[in-house]
Protein chains: 2
Amino acid sequence: MNKKRFYSAVSTLAAVLLTLGMLSTVAVGDQDPLPSWNEGTAKQSIIDFVTRVTQSGSPDFVVPEQRIATFDNDGTLWSEQPMYFQLFFAIDRVKALAPQNPAWKTQQPFKAVLENDMQALAASGEKGLLELVMATHAGMTTTEFEQTVKDWLAAAKHPRFKRPFTDLVYQPMLEVLAYLRANGFKTYIVSGGGIEFMRPWTEGVYGIPPEQVVGSSIKTKFEIRNGKPVLVRLPEINFIDDKAGKPVGINQHIGRRPIAAFGNSDGDLQMLQWTAAGKGTRFMLIVHHTDAEREWAYDRKSKIGHLDKALDEALTNGWTVVDMKQDWKIIYPFQLK
Amino acid sequence: MNKKRFYSAVSTLAAVLLTLGMLSTVAVGDQDPLPSWNEGTAKQSIIDFVTRVTQSGSPDFVVPEQRIATFDNDGTLWSEQPMYFQLFFAIDRVKALAPQNPAWKTQQPFKAVLENDMQALAASGEKGLLELVMATHAGMTTTEFEQTVKDWLAAAKHPRFKRPFTDLVYQPMLEVLAYLRANGFKTYIVSGGGIEFMRPWTEGVYGIPPEQVVGSSIKTKFEIRNGKPVLVRLPEINFIDDKAGKPVGINQHIGRRPIAAFGNSDGDLQMLQWTAAGKGTRFMLIVHHTDAEREWAYDRKSKIGHLDKALDEALTNGWTVVDMKQDWKIIYPFQLK
């Protein structure tokens, strides 16, 4: 077969398979798509959902372009203890920038950070945290900020595991992401975290490209600097992608309602409600942190990853609740043999 | 060959082709990818660019995930005369809603609309237009608004061509969109128009899905209404995706810099500058409206689609300038034989 006829044959084959709605099932095959999940209702509910919406002829079949799945990040795709990883970044940035900002030695919340006084930092409250974020996330171009995040990730270590923060992603959730994509889903992050803090690494770590990351943001401004167009990051909140902000962010960025949503805290409740309220088959999942030994155990009383109302609603509505300790064979990829 | 082995063979074939970087060229073949374009420098510049960035081994090769192309909408993908089509929509909505708003009879800019007094409407200026937009685009849920746009498009006719507004898209640009996508590009709209005004129809008309539409927006609010989660459209500007707002919108939604950008007015200049300033091979194109007979002719003196600085900069920098009259065999798809 010459080159041209060969392409033509492949092209025809692909068209036929697409028409039959079969290409999506090729990638999965007979292998267990979720090998790091113990057998149980959580694992089965994921597989049942994917099978129902992808089987052509099924009454629950969903066309590929409508297969949108949204994932919270902190506590759903990677760990969030003892504090959000982005806060480690902000603290490290304050320390790095301190020599250029001598006033910080006597000025809260910076003083607290420089003295490693976590109590005083907590006492500075939301206002203090916001000041910290603005001082460390604004004032540079988008390109400069991206490089700063990359440099930090390459050097910083998590205090408990002594490993790069991006090692602390959940292997079972990586398998869910890959399984969904192999079945024609577009996977999105919808996080309260900073959109530009996540984009530099989500493609490499999760296989989620920048255009599929939704998050909180500060305003940016287009300028010509030394004859070169740049986007400058301003110390002003643009959007908070948390709680009731999540459906707003989803609508703004995606313009479609997800058919599957994954979260771990009350900050994800509205995203799950919004997803559940659409027509047809829907899938909602909560990761419940129950494993103090291998990861952390927290829910209703935790400030970080506070899970209370969303847990009640999950139980009432029959959403999938993952018991991390029971359902996951391993937590992190580095524990794979 | 049984079914399973057949799939496996196709899967292998596809993997081989992807590895060789050949799948992207399959769809194009030897046919003219731009049949509605006359031979000339504009057409050739598009083909040269696509060939350079997609040929593996080429020094200008760009990996598929970086092949982002952004298109202005009004005047670049569809017509924008005698006024922006979204303004026809707003005017028709004012008329439809007038019975429920008796005060509009004596209140500008609504009075002007109801009396078809375009001079008085123009005199109401930007403030008047904003009031018109808020009165017709806000106050309902996102789902309700989507339906309103669809219903309007199904019924409304353009005053000159007596055809649905979505018939007035440019056939040569549809070919560019298809050609780019066949070569692994993601095509985006980046328009000053309303994001939710475009999303209901861009997939059907341009093959551009909702998640690849960037536009101006009003704020929305998540609420539970009668036990059902909804997003309510508020009479408050969220973002103006025009001029210096375009690179901001691109960064916010896509998180990558385009390698190709298409516009037709000074409102697109910053998007073209932002695109041009990236590393590697870039493509910038301006549609110049030069065809008063088949479409409209306007540029430096026009209020709608004002093209002045961007035209100068295009000429200075060697960006492609499309002379609609010379370069396009036909304008609209309904002129195809």
# chains A, B, ... in the order shown; residues from 1 in each chain; ligands from 1

call {"tool": "select_by_dssp", "arguments": {"residues": "region 90-316 of chain A", "states": "alpha helix (DSSP H)", "output": "number ranges by chain"}}
result
A: 90-97, 110-114, 118-123, 125-137, 142-155, 171-182, 195-206, 245-253, 269-276, 309-316

call {"tool": "residues_around", "arguments": {"residues": "Ala96 (chain A)", "least_positions_apart": "2", "cutoff": "12 Å", "atoms": "only C-alpha atoms", "output": "list in words"}}
result
Phe89, Ala90, Ile91, Asp92, Arg93, Val94, Ala98, Pro99, Gln100, Asn101, Pro102, Trp104, Phe110, Val113, Leu114, Ala135, Thr136, Thr148 and Trp152 of chain A

call {"tool": "select_by_dssp", "arguments": {"residues": "region 58-126 of chain B", "states": "strand (DSSP E)", "output": "ChimeraX atom specification"}}
result
/B:68-71

call {"tool": "interface_residues", "arguments": {"of": "chain B", "to": "chain A", "cutoff": "7 Å", "atoms": "only C-alpha atoms", "output": "list in words"}}
result
Tyr7, Val26, Pro210, Glu211, Thr220, Lys221, Phe222, Lys228, Pro229, Ala244, Pro247, Val248, His253, Ile254, Gly255, Arg256, Gln273, Trp274 and Ala277 of chain B

call {"tool": "residues_around", "arguments": {"residues": "Glu295 (chain A)", "least_positions_apart": "6", "cutoff": "12 Å", "atoms": "only C-alpha atoms", "output": "compact mmCIF listing (two decimals) with C-alpha atoms, in the first residue's frame"}}
result
# COMPACT_ATOMS: atom_id res chain seq x y z
CA GLY A 75 -7.38 17.73 49.09
CA TRP A 78 -3.10 16.46 46.03
CA SER A 79 -2.68 16.88 49.78
CA GLU A 80 -3.51 20.12 51.60
CA GLN A 81 -2.01 19.58 55.05
CA PRO A 82 -0.59 20.92 57.31
CA ARG A 160 6.47 15.79 56.52
CA PHE A 161 7.39 13.75 53.45
CA LEU A 168 2.04 14.44 46.96
CA VAL A 169 -0.64 13.86 44.34
CA TYR A 170 -3.04 10.96 44.78
CA HIS A 288 -13.05 11.77 52.67
CA HIS A 289 -9.70 12.08 54.45
CA MET A 324 -9.33 7.03 51.73
CA LYS A 325 -8.13 4.46 54.24
CA TRP A 328 -7.14 3.38 48.31
CA ILE A 330 -1.72 3.48 48.06
CA ILE A 331 -1.87 7.24 48.38
CA TYR A 332 1.08 8.66 46.41
